[in-house]
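I have placed the structure first, in the form of structure tokens, so that the comments after it can refer back to it.
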Amino acid sequence: MSSSPRIVCVMNGHAAHTPDRLSFRVLGPLEVDGPDERPLDLCGGKPATVLTLLLLHRNAWVSTEQLVDAVWAGRDVPASAQNNLKTYVWQLRRSLPEERIESRPGAYRVHVLPGELDADVAAALCDEARELLSRRDAAEAVNVVQRALVLWRGAPYDGLTADATSAVDRLTELHRALREDLADAQLLLDRPAEAIAVLRALTEEEPLRELAWARLMAAYRQVGRRHDALAAYQRARTALVRDLGIEPGAELTALHQQILSEESPAVLPTPVPPVSSNLPPRVRTFVGRGPELRALRGATGVVTIDGMPGIGKTAFALEVAAASGFETQQYVDVQRGVSLPSATGLVILDNVEHADQIRHLLPNDPAALVLVISRRRLSDLDRTAAMTLAVLAPDEAAKLTDLEQILSCCGGHPGAIRQLVERLRNRQPWTVARMAARLEDQSARCQALGEVLARFDAAYEALPGPVQRLYRQIGMTPRFDLRQAARLTGTSTSDAELMVDQLMDLNLVTEPAPGRFELHPIVRDHAGQLLVIAGPKAELVA
């Protein structure tokens, strides 16, 4: 039995069927998915610019003059522009199902249903998250905000210029507000380390945003990092006075005074030596990681610890063990295939490549604590917590050396800092100036960092050939997006995204903002060294 057609609207005096739902994405380069969720071929270039402008003014008429100005922005408009515009609209109509693009003399409009445009979806999700936060439903608020943030793939309404200024500013502000809401929800869930990471990125991008500074100070305060909270206030004040000529507002000033009047937080308790242990010695110069150590105080179950090579994963696990109070503490290097004794307590499983290596080693004891150390993010393991160790904060890194040249070169990477400090110490005739000169030259710097860079080789060798080539090429730039990655690999953005995901899983690439990726200076040196070794022929895309 055939079903009768659904009549939902009248267009041009005729009843119309319900249009097939599409997905229009303008939070980055224009993309449109069909009713089957497969991407539509929009021909790119000028047709894409036409559709982007129509989507900016969705469901409203846009004059042909405005469309022509957008398509030929900053260039001479050809005499055939109006005819060319008709061709572009015809191409779009062939790509889009139903009669989505309507016309009348001198104007066009695109018909967009509620919930079809990602910018509208993001705004609705932001409102939903605010409502959840007002009810203190922080866990669901995090889910909603993350659903909104994942919609961003780059600059909104990419390809438009003056026409989109207001909309771009509004969506950029929405993106910032969502990240602030994410930090608020994380603080409510007692996840200050995650909130701090979000807020540090926000304040670095927008140093004049007082609300973000206040949230960052509150997050530092929550985990007892009083010094960092006060330092954040000073950075905020410096930016405001320098760029705007004003002092911080009432909220920042009051919070600053409250923190100044508080006593310094108590130090962590003195570790009690275990009764039975085969753990290697702790790193004598270990610094930082205070919030992470506090987060694992009293922890049980399986905790994964990952991060880039040399970031101090094993050293951190040894500090956790020292403060844990477990009488039995065992260390196992999984690469050597050592089995565990029957006694449980605290177990460190180091150099884990994948979850299958260790499932049989996990003790059947809910009171035990198992620290699983891996250079890659192990997402397929039943665990109670997961930690990705980032680089040290500037004040923490400064505890390892006061030489600005080393700190600047290493970007908070503790392994690199320690190696350069030791190298300088072992070469008495060397001066700081000579070290600085060597660090400015990439070849000499890579030689000085040889031991640290060698640790990255195993992660690199674990990558498929095309991903290795991408890794070598992105070493030439500190930041990139998926479009750049796709150009470098000669693939689609979806294929490039899969490659970037593999690099992120190995902590070789970070994503400080949705769709924006970054390489740490030490990673760039490693990738650049490989690029030189491989030679130009190896970089040709097949």
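Every chain in the structure tokens takes a letter, A first, then B, and so on in the order presented; its residues are numbered from 1, and the ligands are numbered from 1 following the presented order.
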
For this session: May I have all residues of range 19-205 of chain A that DSSP, computed from the backbone, assigns to strand (DSSP E or B), given as a PyMOL selection string?
Result: chain A and resi 23-25+27+31-33+39+62-63+101-104+107-110+117+156

For this session: Name the residues in contact with Ala295 in chain A at a cut-off of 12 Å, using only C-alpha atoms, excluding same-chain residues fewer than 5 positions from it; report them as a PyMOL selection string.
Result: chain A and resi 190-194+222-224+268+289-290+300+303+320+323-324+384-387

For this session: Using DSSP on the backbone, list every residue of range 242-424 of chain A that comes out as helix (DSSP H, G or I), and give them as a PyMOL selection string.
Result: chain A and resi 242-244+250-261+290-295+313-324+334-336+355-357+359-361+394-397+404-410+414-424

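Using only C-alpha atoms, the protein and nucleic acid residues lying no more than 9 Å from Pro97 in chain A, apart from those fewer than 5 places from it along its own chain, are Pro19, Asp20, Leu22, Gly34 and Pro35 of chain A.
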
Exercise. Can you tell me how far CA of Leu240 in chain A sits from CA of Ala390 in chain A, in Å to one decimal?
Worked result: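 The value is 28.1 Å.
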
What's around range 53-70 of chain A at 6 Å? Count only C-alpha atoms, leave out sequence neighbours fewer than 5 positions away in its own chain, and write the answer as a short mmCIF file (atom, residue, chain, number, x, y, z; two decimals) with N, CA and C atoms, in the first residue's frame.
```cif
data_model
loop_
_atom_site.label_atom_id
_atom_site.label_comp_id
_atom_site.auth_asym_id
_atom_site.auth_seq_id
_atom_site.Cartn_x
_atom_site.Cartn_y
_atom_site.Cartn_z
N GLY A 106 15.82 39.04 -10.17
CA GLY A 106 16.85 39.79 -9.45
C GLY A 106 17.22 39.26 -8.09
N ALA A 107 16.78 38.03 -7.72
CA ALA A 107 17.11 37.53 -6.39
C ALA A 107 16.96 36.02 -6.32
N TYR A 108 17.65 35.42 -5.32
CA TYR A 108 17.55 33.99 -5.02
C TYR A 108 17.44 33.82 -3.52
N ARG A 109 16.92 32.66 -3.10
CA ARG A 109 16.96 32.30 -1.69
C ARG A 109 17.04 30.78 -1.56
N VAL A 110 17.61 30.34 -0.44
CA VAL A 110 17.71 28.91 -0.17
C VAL A 110 16.77 28.57 0.98
N HIS A 111 16.05 27.50 0.82
CA HIS A 111 15.10 27.06 1.84
C HIS A 111 15.81 26.11 2.81
#
```

For this session: Can you pull out every residue within 10 Å of Met504 in chain A, counting only C-alpha atoms, but drop anything in the same chain fewer than 5 positions away, and send it as a list in words?
Result: Gly307, Met308, Arg376, Arg377, Leu498, Met499, Val509, Thr510, Glu511, Phe517 and Glu518 of chain A

Exercise. Could you name the residues that touch Ala214 in chain A at 8 Å or less, counting only C-alpha atoms, but leaving out those on the same chain fewer than 5 positions away, as an MDAnalysis selection string?
Worked result: chainID A and resid 251:252 255

Problem set entry | Who sits within 12 Å of Gln257 in chain A, only C-alpha atoms, same chain under 5 positions skipped, as a ChimeraX atom specification | /A:217,226,229-230,233,250-252,262

Problem set entry | Between CA of Ile196 in chain A and CA of Leu293 in chain A, distance in Å (one decimal) |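 CA of Leu293 in chain A lies at a distance of 15.2 Å from CA of Ile196 in chain A.
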
Problem set entry | Separation of CA of Pro366 in chain A from CA of Asn351 in chain A in Å |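 These two atoms are separated by 23.1 Å.
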
For the contact check between range 267-324 of chain A and range 404-422 of chain A, emit one row per residue of range 267-324 of chain A within 12 Å, containing the shortest atom pair and the distance in Å rounded to one decimal, counting only C-alpha atoms, chain then rising number order, as a Markdown table.
```
| residue | atom | partner | partner_atom | distance |
| --- | --- | --- | --- | --- |
| A:Val283 | CA | A:Arg418 | CA | 11.0 |
| A:Arg284 | CA | A:Arg418 | CA | 11.3 |
| A:Thr285 | CA | A:Arg418 | CA | 8.8 |
| A:Phe286 | CA | A:Pro414 | CA | 8.8 |
| A:Val287 | CA | A:Pro414 | CA | 8.8 |
| A:Gly288 | CA | A:Pro414 | CA | 10.0 |
| A:Arg289 | CA | A:Pro414 | CA | 11.5 |
| A:Gly307 | CA | A:His413 | CA | 10.9 |
| A:Met308 | CA | A:His413 | CA | 9.3 |
| A:Pro309 | CA | A:Gly415 | CA | 8.4 |
| A:Gly310 | CA | A:Gly415 | CA | 4.9 |
| A:Ile311 | CA | A:His413 | CA | 5.9 |
| A:Gly312 | CA | A:Pro414 | CA | 6.9 |
| A:Lys313 | CA | A:Gly415 | CA | 10.5 |
| A:Thr314 | CA | A:Gly415 | CA | 11.6 |
| A:Ala315 | CA | A:Gly415 | CA | 10.5 |
| A:Phe316 | CA | A:Pro414 | CA | 11.5 |
```

Take the selection from the previous step and output its residues with N, CA, C and O atoms, as a PDB file, in the first residue's frame.
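Saved file again-v3.pdb follows:
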```
ATOM      1  N   VAL A 283      62.497  10.050  40.132  1.00  0.00           N
ATOM      2  CA  VAL A 283      63.311  11.092  39.498  1.00  0.00           C
ATOM      3  C   VAL A 283      63.570  12.188  40.524  1.00  0.00           C
ATOM      4  O   VAL A 283      62.631  12.810  41.044  1.00  0.00           O
ATOM      5  N   ARG A 284      64.828  12.425  40.812  1.00  0.00           N
ATOM      6  CA  ARG A 284      65.185  13.363  41.876  1.00  0.00           C
ATOM      7  C   ARG A 284      64.706  14.780  41.572  1.00  0.00           C
ATOM      8  O   ARG A 284      64.349  15.531  42.492  1.00  0.00           O
ATOM      9  N   THR A 285      64.695  15.154  40.294  1.00  0.00           N
ATOM     10  CA  THR A 285      64.334  16.528  39.932  1.00  0.00           C
ATOM     11  C   THR A 285      62.878  16.632  39.463  1.00  0.00           C
ATOM     12  O   THR A 285      62.521  17.554  38.734  1.00  0.00           O
ATOM     13  N   PHE A 286      62.028  15.700  39.880  1.00  0.00           N
ATOM     14  CA  PHE A 286      60.618  15.747  39.475  1.00  0.00           C
ATOM     15  C   PHE A 286      59.969  17.049  39.984  1.00  0.00           C
ATOM     16  O   PHE A 286      60.140  17.437  41.141  1.00  0.00           O
ATOM     17  N   VAL A 287      59.218  17.715  39.086  1.00  0.00           N
ATOM     18  CA  VAL A 287      58.525  18.954  39.469  1.00  0.00           C
ATOM     19  C   VAL A 287      57.118  18.927  38.883  1.00  0.00           C
ATOM     20  O   VAL A 287      56.817  18.209  37.920  1.00  0.00           O
ATOM     21  N   GLY A 288      56.243  19.745  39.470  1.00  0.00           N
ATOM     22  CA  GLY A 288      54.905  19.949  38.920  1.00  0.00           C
ATOM     23  C   GLY A 288      53.965  18.779  39.142  1.00  0.00           C
ATOM     24  O   GLY A 288      54.157  17.943  40.024  1.00  0.00           O
ATOM     25  N   ARG A 289      52.891  18.761  38.331  1.00  0.00           N
ATOM     26  CA  ARG A 289      51.861  17.700  38.335  1.00  0.00           C
ATOM     27  C   ARG A 289      51.064  17.673  39.637  1.00  0.00           C
ATOM     28  O   ARG A 289      50.473  16.647  39.971  1.00  0.00           O
ATOM     29  N   GLY A 307      50.976  10.208  27.066  1.00  0.00           N
ATOM     30  CA  GLY A 307      51.615  11.481  26.744  1.00  0.00           C
ATOM     31  C   GLY A 307      52.745  11.247  25.772  1.00  0.00           C
ATOM     32  O   GLY A 307      53.142  10.107  25.510  1.00  0.00           O
ATOM     33  N   MET A 308      53.270  12.332  25.228  1.00  0.00           N
ATOM     34  CA  MET A 308      54.337  12.198  24.239  1.00  0.00           C
ATOM     35  C   MET A 308      55.599  11.628  24.878  1.00  0.00           C
ATOM     36  O   MET A 308      55.767  11.695  26.111  1.00  0.00           O
ATOM     37  N   PRO A 309      56.497  11.064  24.091  1.00  0.00           N
ATOM     38  CA  PRO A 309      57.738  10.524  24.649  1.00  0.00           C
ATOM     39  C   PRO A 309      58.508  11.579  25.444  1.00  0.00           C
ATOM     40  O   PRO A 309      58.590  12.737  25.041  1.00  0.00           O
ATOM     41  N   GLY A 310      59.058  11.142  26.590  1.00  0.00           N
ATOM     42  CA  GLY A 310      59.882  12.030  27.404  1.00  0.00           C
ATOM     43  C   GLY A 310      59.115  13.005  28.265  1.00  0.00           C
ATOM     44  O   GLY A 310      59.720  13.849  28.936  1.00  0.00           O
ATOM     45  N   ILE A 311      57.777  12.932  28.271  1.00  0.00           N
ATOM     46  CA  ILE A 311      56.986  13.912  29.011  1.00  0.00           C
ATOM     47  C   ILE A 311      56.976  13.611  30.501  1.00  0.00           C
ATOM     48  O   ILE A 311      56.546  14.438  31.308  1.00  0.00           O
ATOM     49  N   GLY A 312      57.449  12.402  30.903  1.00  0.00           N
ATOM     50  CA  GLY A 312      57.540  12.085  32.323  1.00  0.00           C
ATOM     51  C   GLY A 312      56.432  11.193  32.837  1.00  0.00           C
ATOM     52  O   GLY A 312      56.054  11.284  34.012  1.00  0.00           O
ATOM     53  N   LYS A 313      55.934  10.291  32.001  1.00  0.00           N
ATOM     54  CA  LYS A 313      54.838   9.409  32.413  1.00  0.00           C
ATOM     55  C   LYS A 313      55.273   8.461  33.527  1.00  0.00           C
ATOM     56  O   LYS A 313      54.579   8.316  34.541  1.00  0.00           O
ATOM     57  N   THR A 314      56.418   7.801  33.333  1.00  0.00           N
ATOM     58  CA  THR A 314      56.895   6.865  34.354  1.00  0.00           C
ATOM     59  C   THR A 314      57.272   7.601  35.639  1.00  0.00           C
ATOM     60  O   THR A 314      56.961   7.137  36.743  1.00  0.00           O
ATOM     61  N   ALA A 315      57.920   8.746  35.510  1.00  0.00           N
ATOM     62  CA  ALA A 315      58.278   9.532  36.695  1.00  0.00           C
ATOM     63  C   ALA A 315      57.025   9.932  37.464  1.00  0.00           C
ATOM     64  O   ALA A 315      57.009   9.893  38.709  1.00  0.00           O
ATOM     65  N   PHE A 316      55.978  10.307  36.748  1.00  0.00           N
ATOM     66  CA  PHE A 316      54.723  10.680  37.406  1.00  0.00           C
ATOM     67  C   PHE A 316      54.115   9.475  38.125  1.00  0.00           C
ATOM     68  O   PHE A 316      53.663   9.587  39.274  1.00  0.00           O
TER      69      PHE A 316
END
```

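For the residues A:Leu51, A:Ala197, A:Ala81, A:Ala393, ranking by smallest atom-to-atom distance to Ile101 in chain A using only C-alpha atoms places A:Leu51 first.
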
Per-residue nearest contacts of range 214-265 of chain A to range 166-180 of chain A (12 Å; only C-alpha atoms) as JSON lines:
```
{"residue": "A:Ala214", "atom": "CA", "partner": "A:Glu180", "partner_atom": "CA", "distance": 10.7}
{"residue": "A:Arg215", "atom": "CA", "partner": "A:Glu180", "partner_atom": "CA", "distance": 8.0}
{"residue": "A:Leu216", "atom": "CA", "partner": "A:Glu180", "partner_atom": "CA", "distance": 9.8}
{"residue": "A:Ala219", "atom": "CA", "partner": "A:Glu180", "partner_atom": "CA", "distance": 11.9}
```

Please save C-alpha atoms of the selected residues as a short mmCIF file (atom, residue, chain, number, x, y, z; two decimals), in the first residue's frame.
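So the final result, stored in result_7.cif, reads:
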```
data_model
loop_
_atom_site.label_atom_id
_atom_site.label_comp_id
_atom_site.auth_asym_id
_atom_site.auth_seq_id
_atom_site.Cartn_x
_atom_site.Cartn_y
_atom_site.Cartn_z
CA ALA A 214 38.36 34.93 36.55
CA ARG A 215 37.36 31.36 35.80
CA LEU A 216 41.02 30.36 35.37
CA ALA A 219 40.14 26.80 38.86
#
```
